[in-house]
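Structure file data_5.tsv; described as TSV, C-alpha atoms and all ligand atoms.
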```tsv
chain	number	residue	atom	x	y	z
A	1	MET	CA	-70.78	97.82	-33.52
A	2	LYS	CA	-73.86	95.71	-33.78
A	3	ARG	CA	-75.92	96.28	-36.88
A	4	SER	CA	-78.87	94.33	-35.63
A	5	ILE	CA	-82.32	93.84	-37.01
A	6	ILE	CA	-84.00	96.16	-34.61
A	7	ALA	CA	-87.45	97.60	-34.41
A	8	SER	CA	-88.15	101.06	-35.66
A	9	VAL	CA	-88.35	102.36	-32.10
A	10	ALA	CA	-84.79	101.22	-31.50
A	11	ILE	CA	-83.63	102.75	-34.76
A	12	VAL	CA	-85.10	106.03	-33.60
A	13	LEU	CA	-83.14	105.61	-30.39
A	14	MET	CA	-79.98	104.93	-32.35
A	15	ALA	CA	-80.49	107.94	-34.56
A	16	MET	CA	-81.07	110.12	-31.55
A	17	HIS	CA	-77.83	109.03	-30.04
A	18	CYS	CA	-75.66	109.06	-33.13
A	19	VAL	CA	-72.88	111.57	-33.54
A	20	PRO	CA	-74.08	115.15	-33.99
A	21	ALA	CA	-74.67	116.33	-37.55
A	22	SER	CA	-71.53	118.46	-37.52
A	23	ALA	CA	-69.40	115.49	-36.60
A	24	GLN	CA	-71.26	113.28	-39.04
A	25	SER	CA	-70.04	115.36	-41.92
A	26	LEU	CA	-66.53	114.17	-41.06
A	27	PHE	CA	-67.65	110.72	-42.00
A	28	ALA	CA	-69.45	109.49	-45.04
A	29	PRO	CA	-72.34	107.58	-43.51
A	30	LYS	CA	-72.62	104.43	-45.56
A	31	GLU	CA	-74.79	101.57	-44.37
A	32	ASP	CA	-74.49	102.51	-40.74
A	33	PRO	CA	-77.02	104.91	-39.22
A	34	CYS	CA	-74.52	105.96	-36.59
A	35	GLY	CA	-71.95	107.23	-39.05
A	36	TYR	CA	-69.72	104.51	-40.37
A	37	PRO	CA	-66.34	106.14	-41.09
A	38	ASP	CA	-65.30	107.05	-44.58
A	39	THR	CA	-63.34	103.96	-45.50
A	40	SER	CA	-62.06	105.66	-48.65
A	41	SER	CA	-60.19	108.40	-46.77
A	42	ALA	CA	-56.40	108.34	-46.76
A	43	GLN	CA	-56.33	108.45	-42.95
A	44	TYR	CA	-58.64	105.46	-42.70
A	45	LYS	CA	-56.59	103.50	-45.22
A	46	SER	CA	-53.37	104.20	-43.40
A	47	ASP	CA	-54.91	103.22	-40.04
A	48	ALA	CA	-56.26	100.05	-41.59
A	49	ALA	CA	-52.91	99.19	-43.17
A	50	LEU	CA	-51.45	99.29	-39.68
A	51	ASN	CA	-54.23	97.01	-38.42
A	52	TRP	CA	-55.66	99.93	-36.47
A	53	GLY	CA	-52.68	99.80	-34.13
A	54	TYR	CA	-53.01	96.21	-32.97
A	55	SER	CA	-52.16	93.36	-35.30
A	56	PHE	CA	-52.12	89.59	-34.96
A	57	ASP	CA	-48.40	89.88	-34.16
A	58	SER	CA	-49.22	92.40	-31.42
A	59	LEU	CA	-51.50	89.79	-29.91
A	60	ARG	CA	-48.85	87.08	-30.13
A	61	VAL	CA	-46.34	89.28	-28.33
A	62	ASP	CA	-48.89	90.00	-25.60
A	63	LEU	CA	-49.85	86.33	-25.30
A	64	ALA	CA	-46.18	85.40	-24.81
A	65	ARG	CA	-45.91	88.03	-22.08
A	66	TRP	CA	-49.18	87.09	-20.38
A	67	SER	CA	-48.19	83.41	-20.47
A	68	LEU	CA	-45.45	84.17	-17.95
A	69	SER	CA	-48.17	84.57	-15.34
A	70	PRO	CA	-48.85	81.39	-13.34
A	71	PHE	CA	-52.57	82.08	-13.79
A	72	VAL	CA	-52.56	81.98	-17.59
A	73	ARG	CA	-52.86	79.18	-20.09
A	74	VAL	CA	-53.07	79.82	-23.83
A	75	ASP	CA	-54.67	77.37	-26.24
A	76	SER	CA	-55.55	77.49	-29.90
A	77	VAL	CA	-59.17	76.42	-30.16
A	78	GLY	CA	-59.58	76.48	-33.93
A	79	ALA	CA	-58.31	77.92	-37.16
A	80	THR	CA	-59.53	80.77	-39.31
A	81	VAL	CA	-60.28	80.66	-43.04
A	82	GLN	CA	-56.63	81.51	-43.71
A	83	ASN	CA	-55.51	79.01	-41.10
A	84	ARG	CA	-54.49	81.43	-38.38
A	85	PRO	CA	-54.82	80.01	-34.87
A	86	MET	CA	-57.71	81.24	-32.76
A	87	TYR	CA	-56.15	81.83	-29.38
A	88	MET	CA	-58.06	81.44	-26.15
A	89	MET	CA	-56.61	82.39	-22.79
A	90	THR	CA	-57.71	80.70	-19.61
A	91	ILE	CA	-57.16	82.77	-16.48
A	92	GLN	CA	-57.66	81.21	-13.06
A	93	ASP	CA	-55.65	80.41	-9.99
A	94	THR	CA	-55.01	76.81	-9.16
A	95	THR	CA	-57.64	76.22	-6.50
A	96	THR	CA	-59.36	72.99	-7.29
A	97	ARG	CA	-62.96	73.75	-6.31
A	98	LEU	CA	-65.69	74.41	-8.84
A	99	ARG	CA	-65.80	77.94	-10.14
A	100	LYS	CA	-67.96	80.25	-12.21
A	101	ARG	CA	-66.97	80.60	-15.85
A	102	VAL	CA	-66.82	83.91	-17.70
A	103	TRP	CA	-66.40	84.15	-21.47
A	104	ILE	CA	-65.06	87.23	-23.27
A	105	HIS	CA	-64.25	87.59	-26.96
A	106	ALA	CA	-63.12	90.68	-28.85
A	107	ARG	CA	-62.24	92.00	-32.29
A	108	THR	CA	-64.97	90.43	-34.36
A	109	HIS	CA	-64.87	93.71	-36.28
A	110	PRO	CA	-61.23	94.58	-36.97
A	111	ASN	CA	-61.70	98.36	-37.06
A	112	GLU	CA	-63.20	98.30	-33.56
A	113	VAL	CA	-59.82	98.11	-31.86
A	114	GLN	CA	-61.12	99.89	-28.75
A	115	GLY	CA	-62.80	96.60	-27.81
A	116	THR	CA	-59.30	95.12	-27.83
A	117	TRP	CA	-57.90	97.87	-25.60
A	118	VAL	CA	-60.66	97.28	-23.06
A	119	THR	CA	-60.15	93.50	-23.24
A	120	ASN	CA	-56.39	93.88	-22.78
A	121	GLU	CA	-57.04	96.02	-19.71
A	122	ILE	CA	-59.41	93.33	-18.43
A	123	ILE	CA	-56.57	90.82	-18.77
A	124	ARG	CA	-54.13	93.19	-17.07
A	125	PHE	CA	-56.58	93.72	-14.21
A	126	LEU	CA	-57.16	89.99	-13.79
A	127	LEU	CA	-53.42	89.30	-13.58
A	128	SER	CA	-52.84	92.07	-11.04
A	129	SER	CA	-52.64	91.86	-7.26
A	130	LYS	CA	-55.71	94.05	-6.78
A	131	PRO	CA	-57.98	92.48	-4.13
A	132	GLU	CA	-60.84	92.22	-6.62
A	133	ALA	CA	-58.55	90.48	-9.11
A	134	ILE	CA	-57.48	87.94	-6.50
A	135	LYS	CA	-61.11	87.22	-5.62
A	136	LEU	CA	-62.13	86.92	-9.27
A	137	ARG	CA	-59.25	84.55	-10.04
A	138	ASP	CA	-60.12	82.56	-6.95
A	139	SER	CA	-63.82	82.20	-7.79
A	140	CYS	CA	-63.95	82.28	-11.59
A	141	ILE	CA	-62.46	80.79	-14.69
A	142	PHE	CA	-62.02	83.42	-17.38
A	143	ASN	CA	-61.89	82.20	-20.98
A	144	ILE	CA	-60.84	85.09	-23.18
A	145	MET	CA	-60.42	85.16	-26.95
A	146	PRO	CA	-58.77	88.53	-27.58
A	147	MET	CA	-58.90	88.30	-31.39
A	148	TYR	CA	-61.80	86.37	-32.89
A	149	ASN	CA	-61.14	87.60	-36.44
A	150	PRO	CA	-57.34	87.71	-36.98
A	151	ASP	CA	-57.73	87.25	-40.76
A	152	GLY	CA	-59.84	90.37	-40.94
A	153	VAL	CA	-57.30	92.28	-38.85
A	154	GLU	CA	-54.38	91.20	-41.05
A	155	LEU	CA	-56.27	91.80	-44.30
A	156	ALA	CA	-57.44	95.25	-43.07
A	157	LYS	CA	-61.11	94.36	-43.47
A	158	PRO	CA	-63.22	96.75	-41.41
A	159	ARG	CA	-65.85	94.19	-40.37
A	160	GLU	CA	-65.36	90.96	-42.32
A	161	ASN	CA	-63.30	87.79	-42.35
A	162	ALA	CA	-61.20	86.53	-45.29
A	163	ASN	CA	-64.38	85.46	-47.12
A	164	ASN	CA	-65.86	88.94	-46.72
A	165	ILE	CA	-68.44	87.68	-44.24
A	166	ASP	CA	-69.37	89.54	-41.07
A	167	LEU	CA	-68.80	86.89	-38.40
A	168	GLU	CA	-71.01	88.75	-35.94
A	169	SER	CA	-74.18	87.92	-37.86
A	170	ASN	CA	-73.20	84.58	-39.35
A	171	TRP	CA	-74.43	82.33	-36.55
A	172	ASN	CA	-77.59	81.19	-38.29
A	173	ALA	CA	-75.93	80.39	-41.63
A	174	ALA	CA	-76.49	76.86	-42.95
A	175	THR	CA	-72.72	76.46	-43.07
A	176	PRO	CA	-71.19	79.10	-40.82
A	177	GLN	CA	-67.71	80.47	-41.40
A	178	ALA	CA	-64.75	78.56	-39.93
A	179	GLU	CA	-64.38	81.11	-37.13
A	180	VAL	CA	-68.04	80.85	-36.15
A	181	GLN	CA	-67.86	77.07	-36.24
A	182	ALA	CA	-64.83	77.13	-33.97
A	183	LEU	CA	-66.46	79.48	-31.48
A	184	LYS	CA	-69.67	77.45	-31.47
A	185	ARG	CA	-67.65	74.31	-30.78
A	186	VAL	CA	-65.89	76.00	-27.86
A	187	PHE	CA	-69.20	77.26	-26.45
A	188	LEU	CA	-70.68	73.76	-26.72
A	189	GLN	CA	-67.69	72.27	-24.93
A	190	LEU	CA	-67.65	74.87	-22.18
A	191	MET	CA	-71.41	74.68	-21.62
A	192	ALA	CA	-71.06	70.92	-21.13
A	193	GLN	CA	-68.57	71.43	-18.29
A	194	PRO	CA	-69.67	71.10	-14.66
A	195	ASN	CA	-68.95	74.82	-14.48
A	196	PRO	CA	-70.50	76.23	-17.66
A	197	ILE	CA	-70.32	79.83	-18.90
A	198	ARG	CA	-72.36	82.19	-16.71
A	199	VAL	CA	-71.43	85.51	-18.32
A	200	ALA	CA	-70.49	85.97	-22.00
A	201	LEU	CA	-69.26	89.36	-23.21
A	202	ASN	CA	-68.73	90.30	-26.85
A	203	MET	CA	-66.44	93.33	-27.11
A	204	HIS	CA	-66.98	95.93	-29.83
A	205	SER	CA	-66.86	99.69	-30.32
A	206	ALA	CA	-69.31	102.14	-31.90
A	207	TYR	CA	-69.09	105.44	-33.76
A	208	ALA	CA	-71.80	106.88	-31.55
A	209	CYS	CA	-68.82	107.71	-29.31
A	210	LYS	CA	-70.52	106.31	-26.21
A	211	ARG	CA	-69.80	103.37	-23.97
A	212	TYR	CA	-72.80	101.09	-23.67
A	213	PHE	CA	-74.12	97.56	-23.47
A	214	VAL	CA	-76.54	96.29	-26.11
A	215	TYR	CA	-79.62	95.61	-24.01
A	216	HIS	CA	-82.09	92.90	-24.99
A	217	THR	CA	-85.59	93.93	-24.00
A	218	ALA	CA	-87.96	91.87	-21.89
A	219	ALA	CA	-90.32	91.65	-24.90
A	220	GLY	CA	-87.63	89.85	-26.88
A	221	THR	CA	-86.29	87.77	-23.99
A	222	SER	CA	-87.92	87.56	-20.55
A	223	SER	CA	-88.52	89.89	-17.65
A	224	LEU	CA	-86.01	87.91	-15.59
A	225	PHE	CA	-83.35	88.32	-18.27
A	226	ALA	CA	-84.16	92.01	-18.60
A	227	THR	CA	-83.74	92.49	-14.85
A	228	MET	CA	-80.46	90.58	-14.91
A	229	GLN	CA	-79.13	92.90	-17.61
A	230	GLN	CA	-80.40	96.04	-15.89
A	231	THR	CA	-78.74	95.05	-12.64
A	232	PHE	CA	-75.50	94.12	-14.36
A	233	ILE	CA	-75.34	97.36	-16.35
A	234	GLY	CA	-76.20	99.25	-13.17
A	235	TYR	CA	-73.21	97.68	-11.41
A	236	ALA	CA	-70.90	98.72	-14.25
A	237	ARG	CA	-72.25	102.26	-14.19
A	238	THR	CA	-71.77	102.56	-10.44
A	239	ALA	CA	-68.19	101.42	-10.80
A	240	PHE	CA	-67.50	103.99	-13.56
A	241	PRO	CA	-69.63	107.03	-12.76
A	242	GLY	CA	-70.54	108.93	-15.90
A	243	GLY	CA	-68.58	106.50	-18.04
A	244	ILE	CA	-71.19	104.04	-19.25
A	245	GLU	CA	-74.66	104.76	-20.64
A	246	PRO	CA	-77.80	103.42	-18.94
A	247	TYR	CA	-79.41	100.23	-20.29
A	248	THR	CA	-82.06	102.33	-22.01
A	249	TYR	CA	-79.45	103.87	-24.30
A	250	PHE	CA	-79.34	101.08	-26.86
A	251	THR	CA	-82.14	98.56	-26.85
A	252	SER	CA	-82.50	95.62	-29.19
A	253	TRP	CA	-84.55	92.46	-29.57
A	254	PRO	CA	-87.83	94.39	-29.17
A	255	SER	CA	-90.10	91.38	-29.74
A	256	THR	CA	-90.15	87.63	-30.01
A	257	PRO	CA	-88.76	85.70	-31.66
A	258	PRO	CA	-85.40	87.37	-31.12
A	259	PRO	CA	-82.85	87.31	-33.96
A	260	THR	CA	-80.94	84.12	-34.59
A	261	GLN	CA	-77.77	85.40	-36.27
A	262	TYR	CA	-75.67	86.58	-33.29
A	263	PRO	CA	-73.54	84.79	-30.72
A	264	GLU	CA	-75.93	86.16	-28.07
A	265	SER	CA	-78.76	84.52	-30.02
A	266	TRP	CA	-77.00	81.19	-29.69
A	267	PHE	CA	-76.79	81.61	-25.91
A	268	TRP	CA	-80.37	82.78	-25.61
A	269	TYR	CA	-81.92	80.03	-27.71
A	270	ASN	CA	-79.85	77.31	-26.03
A	271	HIS	CA	-79.47	78.50	-22.46
A	272	HIS	CA	-81.87	81.38	-21.80
A	273	GLU	CA	-81.25	83.10	-18.46
A	274	ALA	CA	-78.45	80.69	-17.51
A	275	VAL	CA	-75.99	82.88	-19.41
A	276	LEU	CA	-75.87	86.66	-19.26
A	277	ALA	CA	-74.72	87.18	-22.86
A	278	ASN	CA	-74.36	90.76	-24.07
A	279	THR	CA	-72.38	92.89	-26.46
A	280	TYR	CA	-70.37	95.76	-25.04
A	281	GLU	CA	-69.64	98.77	-27.28
A	282	ASP	CA	-66.76	101.06	-26.43
A	283	LYS	CA	-66.24	104.50	-27.95
A	284	ASN	CA	-64.93	104.42	-31.51
A	285	CYS	CA	-63.90	108.05	-31.90
A	286	THR	CA	-61.06	110.36	-30.96
A	287	ALA	CA	-62.62	110.80	-27.51
A	288	ALA	CA	-62.08	107.09	-26.76
A	289	GLY	CA	-59.98	106.16	-23.77
A	290	GLY	CA	-60.36	105.30	-20.12
A	291	TYR	CA	-59.90	101.66	-21.02
A	292	ASP	CA	-58.63	100.75	-17.56
A	293	SER	CA	-61.65	102.35	-15.85
A	294	THR	CA	-63.95	100.57	-18.28
A	295	ALA	CA	-62.21	97.24	-17.74
A	296	SER	CA	-62.41	97.42	-13.96
A	297	ALA	CA	-66.06	98.54	-14.11
A	298	ILE	CA	-66.93	95.56	-16.30
A	299	LEU	CA	-65.06	93.13	-14.04
A	300	ILE	CA	-66.65	94.55	-10.91
A	301	ALA	CA	-70.05	94.14	-12.56
A	302	VAL	CA	-69.17	90.53	-13.43
A	303	GLY	CA	-68.02	89.89	-9.85
A	304	LYS	CA	-71.17	91.40	-8.37
A	305	HIS	CA	-73.45	89.60	-10.83
A	306	LEU	CA	-71.85	86.29	-9.85
A	307	GLY	CA	-72.02	87.10	-6.15
A	308	ILE	CA	-68.23	87.13	-5.80
A	309	LEU	CA	-67.74	90.80	-5.09
A	310	THR	CA	-70.08	92.48	-2.65
A	311	THR	CA	-72.49	95.10	-3.84
A	312	THR	CA	-71.07	97.80	-1.59
A	313	SER	CA	-68.55	100.33	-2.82
A	314	VAL	CA	-65.31	99.15	-4.35
A	315	ALA	CA	-63.24	100.21	-1.37
A	316	GLU	CA	-65.25	97.93	0.90
A	317	GLU	CA	-65.01	94.95	-1.38
A	318	VAL	CA	-62.16	93.24	0.43
A	319	VAL	CA	-64.35	90.76	2.20
A	320	PRO	CA	-62.50	89.04	5.04
A	321	SER	CA	-61.88	85.35	4.77
A	322	ASP	CA	-60.24	83.16	7.35
A	323	LEU	CA	-57.28	82.23	5.17
A	324	LYS	CA	-55.10	84.39	3.00
A	325	LEU	CA	-52.28	82.98	0.92
A	326	GLU	CA	-50.06	85.35	-0.99
A	327	GLN	CA	-48.17	84.73	-4.20
A	328	ASN	CA	-44.67	83.54	-3.33
A	329	TYR	CA	-41.83	85.99	-3.85
A	330	PRO	CA	-39.71	85.89	-5.89
A	331	ASN	CA	-41.52	83.95	-8.55
A	332	PRO	CA	-40.09	82.36	-10.66
A	333	PHE	CA	-37.41	81.47	-8.12
A	334	ASN	CA	-34.12	79.59	-7.71
A	335	PRO	CA	-33.69	77.93	-5.30
A	336	THR	CA	-35.46	79.74	-2.45
A	337	THR	CA	-38.65	81.73	-2.25
A	338	THR	CA	-40.80	83.20	0.51
A	339	ILE	CA	-44.46	82.36	1.06
A	340	ARG	CA	-46.58	84.67	3.19
A	341	PHE	CA	-49.96	83.75	4.62
A	342	ALA	CA	-52.41	85.00	7.20
A	343	LEU	CA	-55.08	83.49	9.45
A	344	ASN	CA	-58.18	85.55	10.06
A	345	PRO	CA	-56.38	88.62	8.72
A	346	SER	CA	-59.44	90.79	9.26
A	347	LEU	CA	-59.54	90.37	13.03
A	348	SER	CA	-58.41	93.25	15.20
A	349	GLN	CA	-55.66	92.74	17.77
A	350	GLN	CA	-58.30	92.71	20.49
A	351	GLU	CA	-60.40	90.07	18.76
A	352	ARG	CA	-57.35	87.91	18.20
A	353	VAL	CA	-56.81	87.51	21.94
A	354	PHE	CA	-60.02	85.49	22.15
A	355	GLU	CA	-59.38	83.45	19.03
A	356	GLU	CA	-58.15	79.91	19.53
A	357	ARG	CA	-55.13	78.53	17.82
A	358	VAL	CA	-55.95	76.38	14.84
A	359	ARG	CA	-54.10	73.64	13.04
A	360	VAL	CA	-52.52	75.04	9.88
A	361	ILE	CA	-50.85	72.99	7.17
A	362	LEU	CA	-48.84	74.42	4.29
A	363	LYS	CA	-47.51	71.86	1.85
A	364	VAL	CA	-45.86	71.93	-1.55
A	365	TYR	CA	-46.85	69.53	-4.34
A	366	ASP	CA	-45.58	68.89	-7.83
A	367	VAL	CA	-47.98	69.22	-10.78
A	368	LEU	CA	-48.94	65.56	-10.47
A	369	GLY	CA	-50.09	66.19	-6.91
A	370	ARG	CA	-47.17	64.41	-5.23
A	371	GLU	CA	-46.18	65.97	-1.93
A	372	VAL	CA	-42.77	67.59	-2.12
A	373	ALA	CA	-42.44	69.38	1.22
A	374	THR	CA	-44.32	70.27	4.40
A	375	LEU	CA	-43.52	73.86	5.34
A	376	VAL	CA	-45.97	74.32	8.21
A	377	ASN	CA	-47.90	71.84	10.33
A	378	GLU	CA	-48.73	73.39	13.68
A	379	ASN	CA	-51.33	75.21	15.76
A	380	LEU	CA	-51.17	78.91	15.05
A	381	ALA	CA	-52.91	81.98	16.42
A	382	PRO	CA	-54.55	84.48	14.03
A	383	GLY	CA	-52.00	86.74	12.39
A	384	SER	CA	-49.57	87.00	9.50
A	385	TYR	CA	-46.77	84.54	8.88
A	386	GLU	CA	-44.07	83.84	6.37
A	387	THR	CA	-41.95	80.84	5.60
A	388	ASP	CA	-39.14	80.10	3.17
A	389	PHE	CA	-39.15	77.25	0.73
A	390	SER	CA	-35.90	75.85	-0.63
A	391	ALA	CA	-36.06	73.77	-3.78
A	392	LEU	CA	-32.38	72.91	-3.91
A	393	ASN	CA	-33.00	69.26	-4.77
A	394	LEU	CA	-35.93	69.74	-7.10
A	395	SER	CA	-35.95	70.16	-10.85
A	396	SER	CA	-37.33	73.13	-12.77
A	397	GLY	CA	-41.07	73.27	-13.22
A	398	ILE	CA	-44.35	74.34	-11.75
A	399	TYR	CA	-45.17	73.50	-8.14
A	400	LEU	CA	-48.35	74.02	-6.16
A	401	TYR	CA	-48.50	75.21	-2.57
A	402	ARG	CA	-51.58	74.67	-0.52
A	403	LEU	CA	-52.59	76.28	2.75
A	404	GLU	CA	-55.17	74.37	4.74
A	405	SER	CA	-57.02	74.98	7.99
A	406	GLY	CA	-60.24	73.28	9.03
A	407	ASN	CA	-62.45	73.10	5.97
A	408	SER	CA	-60.76	75.99	4.17
A	409	PHE	CA	-57.90	75.78	1.76
A	410	VAL	CA	-56.18	77.94	-0.81
A	411	THR	CA	-53.80	76.72	-3.50
A	412	LYS	CA	-51.41	78.74	-5.62
A	413	ARG	CA	-48.67	77.84	-8.02
A	414	MET	CA	-45.04	78.84	-8.35
A	415	THR	CA	-42.35	78.29	-10.91
A	416	LEU	CA	-38.88	76.96	-10.18
A	417	LEU	CA	-36.43	78.03	-12.89
A	418	LYS	CA	-32.94	76.59	-12.55
A	501	ZN	ZN	-68.84	95.65	-33.92
```
Would you give me this structure, written as structure tokens?
Ligand SMILES: [Zn+2]
Amino acid sequence: MKRSIIASVAIVLMAMHCVPASAQSLFAPKEDPCGYPDTSSAQYKSDAALNWGYSFDSLRVDLARWSLSPFVRVDSVGATVQNRPMYMMTIQDTTTRLRKRVWIHARTHPNEVQGTWVTNEIIRFLLSSKPEAIKLRDSCIFNIMPMYNPDGVELAKPRENANNIDLESNWNAATPQAEVQALKRVFLQLMAQPNPIRVALNMHSAYACKRYFVYHTAAGTSSLFATMQQTFIGYARTAFPGGIEPYTYFTSWPSTPPPTQYPESWFWYNHHEAVLANTYEDKNCTAAGGYDSTASAILIAVGKHLGILTTTSVAEEVVPSDLKLEQNYPNPFNPTTTIRFALNPSLSQQERVFEERVRVILKVYDVLGREVATLVNENLAPGSYETDFSALNLSSGIYLYRLESGNSFVTKRMTLLK
């Protein structure tokens, strides 16, 4: 939850949307106008002792599992106050062209574990074979930090790091906390890439028991930025009908200059409309759930915002392309695997009759880009094909396979495990 410096009008909005008075009595509202839970209760203490159900070890187990995907790389991009690694996942397929970068970080506030559940579902979606996932992997680079504050999680701090500092609002400190410094460094590096961050999402949860994005008003940003946010939130709402509140639900940054203490502040002051940087708040209450619906709604909104997914309904989002290359099966493999591909897969049988044969090349390369095998090099008519690849004489490792026709190409990777 974002405890921002907000104008009185926004505080009124918050109060209006906080949990009803009857439910509020379950909590002991402390500093939070929306009903911060009673951290002295036995239930709260026991939940906290168990890291609210998802510890640093839980993350490490998941990272090991996710790393098995050919689309995932895991790096440590810094260290916390207590020297825990700050893990960042990179999710992308292996196509070489320039892609749009999306940043997501979660668990700034350890007791907002719902942000983690949504983020984990985002990861699961991105690694799936859903058509939208394939398109997102093909057109984007996702950099995801699932646990920004592992010290806080392990020490059962509701909102703080090991130095009892709230990392969320530490960005304007003269000497920011180690975690903030690390994240700033990563942002600086990624923004200097030829494909800088275009969308940055900061995953939290709120006791208001609503799902919403923290909207930065035009008065505190710009009318262009306001429109960008409204459109983005609209996409998410369309993809999850009734699930996510409208942008008017929680407004912040009511005037200029906007606050300087948040990660979104850093993006705004340095990059303005170039980065759509917003906090997402999931439900932090017993009615929480629907994490998979939330995750897919957020990803569909990201895809539409970046022009990758069309703005029609989800079912129609499988936009035809002239080349389709499937993940080899089995993968990992030893020593043979099957690769399926299709040319103009969207054409009807009738249309295919009039389509000319085109030169199609499917080659396998090692990770250094050295050609290992040519599987296809011939003129083919539109349709679906499959070919086997035998790696009898090759050593274990990652190999790339690339399908090429005319100016189009698709590359994927596979793992040989002997
Ligand atoms: Zn929070």
Please give me, as a PyMOL selection string, the residues lying within 10 Å of ligand ZN 501 (chain A) when counting all atoms listed in the file.
-> chain A and resi 1-3+106-113+115+158-159+166-168+202-207+279-282+284
Separation of atom CA of Ile123 of chain A and atom CA of Thr94 of chain A, in Å?
->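 Calculated distance between atom CA of Ile123 of chain A and atom CA of Thr94 of chain A is 17.1 Å.
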Nearest residue to Tyr87 of chain A from the set A:Glu179, A:Ser223, A:Ala49, A:Asp138 (distances using all atoms listed in the file) =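 Selected residue with least distance to Tyr87 of chain A: A:Glu179.
All protein and nucleic acid residues in the vicinity of (-46.7, 83.0, -17.1), that is within 12 Å when counting all atoms listed in the file, are A:Asp62, A:Leu63, A:Ala64, A:Arg65, A:Trp66, A:Ser67, A:Leu68, A:Ser69, A:Pro70, A:Phe71, A:Val72, A:Arg73, A:Val74, A:Met89, A:Thr90, A:Ile91, A:Gln92, A:Asp93, A:Leu127, A:Asn331, A:Pro332, A:Gly397, A:Ile398, A:Arg413, A:Met414, A:Thr415.
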Take atom CA of Phe240 of chain A and atom CA of Trp268 of chain A and report the distance between them in Å, one decimal.
-> 27.6 Å
Show which residues sit within 12 Å of Pro241 of chain A, as a count of residues only. Count only C-alpha atoms, and ignore same-chain residues fewer than 3 positions away.
-> 14
Which of these, A:Val214, A:Ala391, A:Val275, A:Ala182, has the shortest distance to Tyr247 of chain A once you count all atoms listed in the file?
-> A:Val214
Hey, what's within 12 Å of Pro335 of chain A if we count only C-alpha atoms and toss same-chain stuff fewer than 6 positions away? As JSON, numbers by chain, please?
-> {"A": [329, 388, 389, 390, 391, 392, 393, 394, 395, 396, 397, 414, 415, 416, 417, 418]}
Selected residues written out, C-alpha atoms, as a compact mmCIF listing (two decimals), in the coordinates of the input:
```txt
# COMPACT_ATOMS: atom_id res chain seq x y z
CA TYR A 329 -41.83 85.99 -3.85
CA ASP A 388 -39.14 80.10 3.17
CA PHE A 389 -39.15 77.25 0.73
CA SER A 390 -35.90 75.85 -0.63
CA ALA A 391 -36.06 73.77 -3.78
CA LEU A 392 -32.38 72.91 -3.91
CA ASN A 393 -33.00 69.26 -4.77
CA LEU A 394 -35.93 69.74 -7.10
CA SER A 395 -35.95 70.16 -10.85
CA SER A 396 -37.33 73.13 -12.77
CA GLY A 397 -41.07 73.27 -13.22
CA MET A 414 -45.04 78.84 -8.35
CA THR A 415 -42.35 78.29 -10.91
CA LEU A 416 -38.88 76.96 -10.18
CA LEU A 417 -36.43 78.03 -12.89
CA LYS A 418 -32.94 76.59 -12.55
```
